[in-house]
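> Please read through the structure below; I'll follow up with questions.
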Amino acid sequence: MLHLKALYLLLFLGFINSKQFGNYKHYDSVDGDVPVYKINLNLPPRQRWLHVVTDFNVTYVKNEIERIFNKVIPKEFIPLVEKIATYVDRYFPHEYSEELKGISDATGINLGALVGVNIMYEVSEFCTSIVAQNADGTIYHSRNMDFTFTQFLRHCTINVEYQRNGSTIAHATTFVGYVGVLTGMNDGRFSLSINARKEGAWWMNVLAAILERKSNIISFLSRDIIVNDNVDYDKALNILTNAELIAPVYFILGGIKPGQGAVITRYRMMADVWKLADSPAGWYILETNYDHWDVVPKSDNRRGAAMESLNGIGQHNINSQSLYKVLSAPPVLQHISIYTTSMCAAKPDRYQSKKRYPIRKFKTI
């Protein structure tokens with residue numbers, strides 16, 4: 001992994017070459033490796049993440065998570081979050097409440113702050129997810145994760161291999177202290193990414209739904225299904241379509257058979273399912289942060305840029321590498337892009353994530 005100082009030196013000296021990709025300037029970011037940790041699901045939940053959180057600078061992680069908590073969550077809702085933390089066993093599934101307690105005990109991070117950051121996926125405002133089927137029927141799934149608080153989150157990005165009885169059953173890319181899944185794969189069955197979908201008074205609705213104890217916390221639901229050996233693509237599609245949620249969201253799902261791809265646009269209790277075969281191209285489907293039936297704003301046309309690149313590549317040339325290039329072209333790659341993940345559920349050994357350090361706009365010579 002490139003040391004951060006070396007990264008800045010490379011950027012300063014201009015060793016990164018400008019290229020062209022489609023009609024959009026393609027720039028190479030200096031991509032960093034993502035460390036891999038095994039999470040043993042056979043361990044008691046409080047012990048599962050200890051080797052992860054103690055491998056980082058605990059003081060730095062503690063200070064940053066508590067800073068994010070205080071900056072992002074509206075002040076009027078902090079007492080509600082603290083109430084949820086006080087009675088976390090009542091409001092969170094037991095497994096996750098125990099994991100968060102274990103992290104809090106090991107690091108000294110305020111449990112309320114951990115609870116808050118584990119439900120605030122809506123900070124990811126500019127994510128892009130693509131599911132594409134190449135000419136031989138193989139399904140590829142790639143995504144950019146874009147967040148604010150980029151420096152800290154890049155530092156704390158990790159790959160997780162969930163293991164049970166000594167075998168890896170699922171992969172995910174997440175952040176230190178975040179026990180849910182926004183990007184992950186049930187090995188040999190399906191891949192899943194989550195994009196934010198904002199609607200209405202987000203925090204008020206989310207906290208009210210949690211306090212009612214009737215709805216699923218989105219990132220916990222996604223983790224539940226990627227580590228479940230009994231859930232295949234069709235079952236995942238059914239669960240993600242019908243589960244009651246704490247907030248609106250986009251689920252982007254990829255399978256292992258031709259035609260297995262969908263964007264599930266979720267309201268809390270309703271859903272629109274847009275399948276791969278129903279997409280304009282018929283072989284790829286993509287989601288940014290707008291409903292697929294709506295026109296995107298001119299100020300954020302990641303959808304159009306990605307579609308242009310995909311059409312230029314063509315179905316015969318689709319693979320993880322070509323999708324990575326699509327996600328590396330502005331405006332799809334943002335200055336707040338944290339990582340890019342490449343998945344192919346039929347080939348779980350090829351799961352890969354890279355940290356992204358994009359260069360800001362420059363002219364092509």
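For the structure tokens, the naming scheme is as follows: chains receive sequential letters (A, B, ...) according to their order of presentation, residues are indexed from 1 within each chain, and ligands are indexed from 1 in presentation order.
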Which residues come within 9 Å of Val36 of chain A, counting only C-alpha atoms, excluding same-chain residues fewer than 6 positions away, as a PyMOL selection string?
chain A and resi 158-161
> Which polymer residues have any atom within 9 Å of an atom of Ser129 of chain A, counting only C-alpha atoms, with same-chain residues fewer than 5 positions away left out, as an NGL selection string?
:A and (141-145 or 193-195 or 252 or 285-288 or 327)
> With a cut-off of 12 Å, could you pull out the residues of segment 36-122 of chain A touching segment 214-229 of chain A and give me the nearest pair of atoms for each, distance in Å to one decimal, using only C-alpha atoms, ordered by chain and ascending number, as CSV?

residue,atom,partner,partner_atom,distance
A:Ile39,CA,A:Val227,CA,11.2
A:Asn40,CA,A:Val227,CA,11.4
A:Leu41,CA,A:Val227,CA,9.2
A:Arg90,CA,A:Lys214,CA,11.6
A:Tyr91,CA,A:Lys214,CA,9.5
A:Phe92,CA,A:Ile217,CA,8.1
A:Pro93,CA,A:Phe220,CA,8.5
A:His94,CA,A:Phe220,CA,11.2
A:Glu95,CA,A:Phe220,CA,9.8
A:Tyr96,CA,A:Phe220,CA,7.8
A:Ser97,CA,A:Phe220,CA,10.8
A:Glu99,CA,A:Phe220,CA,11.9
A:Val115,CA,A:Ile217,CA,11.3
A:Gly116,CA,A:Ile217,CA,12.0
A:Val117,CA,A:Ser219,CA,11.4
A:Asn118,CA,A:Ser219,CA,8.0
A:Ile119,CA,A:Ile217,CA,7.2
A:Met120,CA,A:Ser219,CA,9.8
A:Tyr121,CA,A:Ser219,CA,8.2
A:Glu122,CA,A:Ile218,CA,10.9
> Taking only C-alpha atoms into account, which of A:Lys355, A:Lys83, A:Lys198, A:Lys62 comes nearest Tyr267 of chain A?
A:Lys198
> Restricting the calculation to only C-alpha atoms: of A:Thr340, A:Asn317, A:Gln334, A:Asn205, which residue gets closest to Asp136 of chain A?
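Going through A:Thr340, A:Asn317, A:Gln334, A:Asn205 one by one, the smallest distance to Asp136 of chain A is for A:Asn317.
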> What lies within 9 Å of Glu66 of chain A using only C-alpha atoms, ignoring chain neighbours under 6 positions off, as an MDAnalysis selection string?
chainID A and resid 109:110 112:114 117
> Can you work out which one of A:Val72, A:Cys156, A:Val131, A:Ile313 has the shortest atom-to-atom distance to Phe56 of chain A, counting only C-alpha atoms?
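Nearest candidate to Phe56 of chain A out of A:Val72, A:Cys156, A:Val131, A:Ile313: A:Cys156.
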> What gap, in Å, lies between atom CA of Asn186 of chain A and atom CA of Tyr351 of chain A?
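Between atom CA of Asn186 of chain A and atom CA of Tyr351 of chain A the gap works out to 10.9 Å.
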> Check segment 109-250 of chain A with DSSP on the backbone and list each residue it calls strand (DSSP E or B), as JSON, numbers by chain.
{"A": [128, 129, 130, 131, 132, 133, 139, 140, 141, 142, 143, 144, 145, 146, 157, 158, 159, 160, 161, 162, 163, 164, 167, 168, 169, 170, 171, 172, 173, 174, 175, 183, 184, 185, 186, 190, 191, 192, 193, 194, 195, 196, 216, 245, 249, 250]}
> Just list as a ChimeraX atom specification whatever in segment 58-302 of chain A DSSP marks as helix (DSSP H, G or I).
/A:58-72,75-86,88-91,94-107,111-117,121-123,150-155,202-212,218-226,233-242,276-278,302
> Determine the nearest neighbour of Gln315 of chain A from the options A:Thr86, A:Asn134, A:Thr54, A:Ser337, counting only C-alpha atoms.
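Residue with the minimum atom-to-atom distance to Gln315 of chain A: A:Asn134.
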> By how many Å are atom CA of Asp187 of chain A and atom CA of Arg302 of chain A apart?
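Taking atom CA of Asp187 of chain A and atom CA of Arg302 of chain A, their separation equals 29.0 Å.
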> Counting only C-alpha atoms, which residue out of A:Ala135, A:Val88, A:Leu43, A:Ile210 sits closest to Arg164 of chain A?
A:Leu43
> Could you tell me how far atom CA of Val295 of chain A sits from atom CA of Glu199 of chain A, in Å to one decimal place?
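Between atom CA of Glu199 of chain A and atom CA of Val295 of chain A the gap is 16.5 Å.
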> Can you list, as a PDB file with C-alpha atoms, in the first residue's frame, every protein, DNA or RNA residue that comes within 9 Å of Met185 of chain A when you count only C-alpha atoms, leaving out same-chain residues fewer than 5 positions away?

ATOM      1  CA  ILE A 169     -19.142 -17.738   3.141  1.00  0.00           C
ATOM      2  CA  ALA A 170     -19.371 -14.052   2.229  1.00  0.00           C
ATOM      3  CA  HIS A 171     -17.357 -10.952   1.389  1.00  0.00           C
ATOM      4  CA  ALA A 172     -18.022  -7.307   2.205  1.00  0.00           C
ATOM      5  CA  PHE A 190     -25.513 -13.069  -5.325  1.00  0.00           C
ATOM      6  CA  SER A 191     -23.886  -9.666  -4.931  1.00  0.00           C
ATOM      7  CA  LEU A 192     -25.474  -6.611  -3.325  1.00  0.00           C
ATOM      8  CA  SER A 193     -24.828  -2.892  -3.060  1.00  0.00           C
ATOM      9  CA  ILE A 226     -25.250 -12.272   2.553  1.00  0.00           C
ATOM     10  CA  VAL A 227     -24.184 -14.576   5.397  1.00  0.00           C
ATOM     11  CA  MET A 343     -17.813  -8.436  -7.608  1.00  0.00           C
ATOM     12  CA  CYS A 344     -18.781 -11.532  -9.519  1.00  0.00           C
ATOM     13  CA  ALA A 345     -20.830 -13.850  -7.307  1.00  0.00           C
ATOM     14  CA  PRO A 348     -16.053 -15.167  -5.393  1.00  0.00           C
ATOM     15  CA  TYR A 351     -13.883  -9.997  -5.095  1.00  0.00           C
TER      16      TYR A 351
END
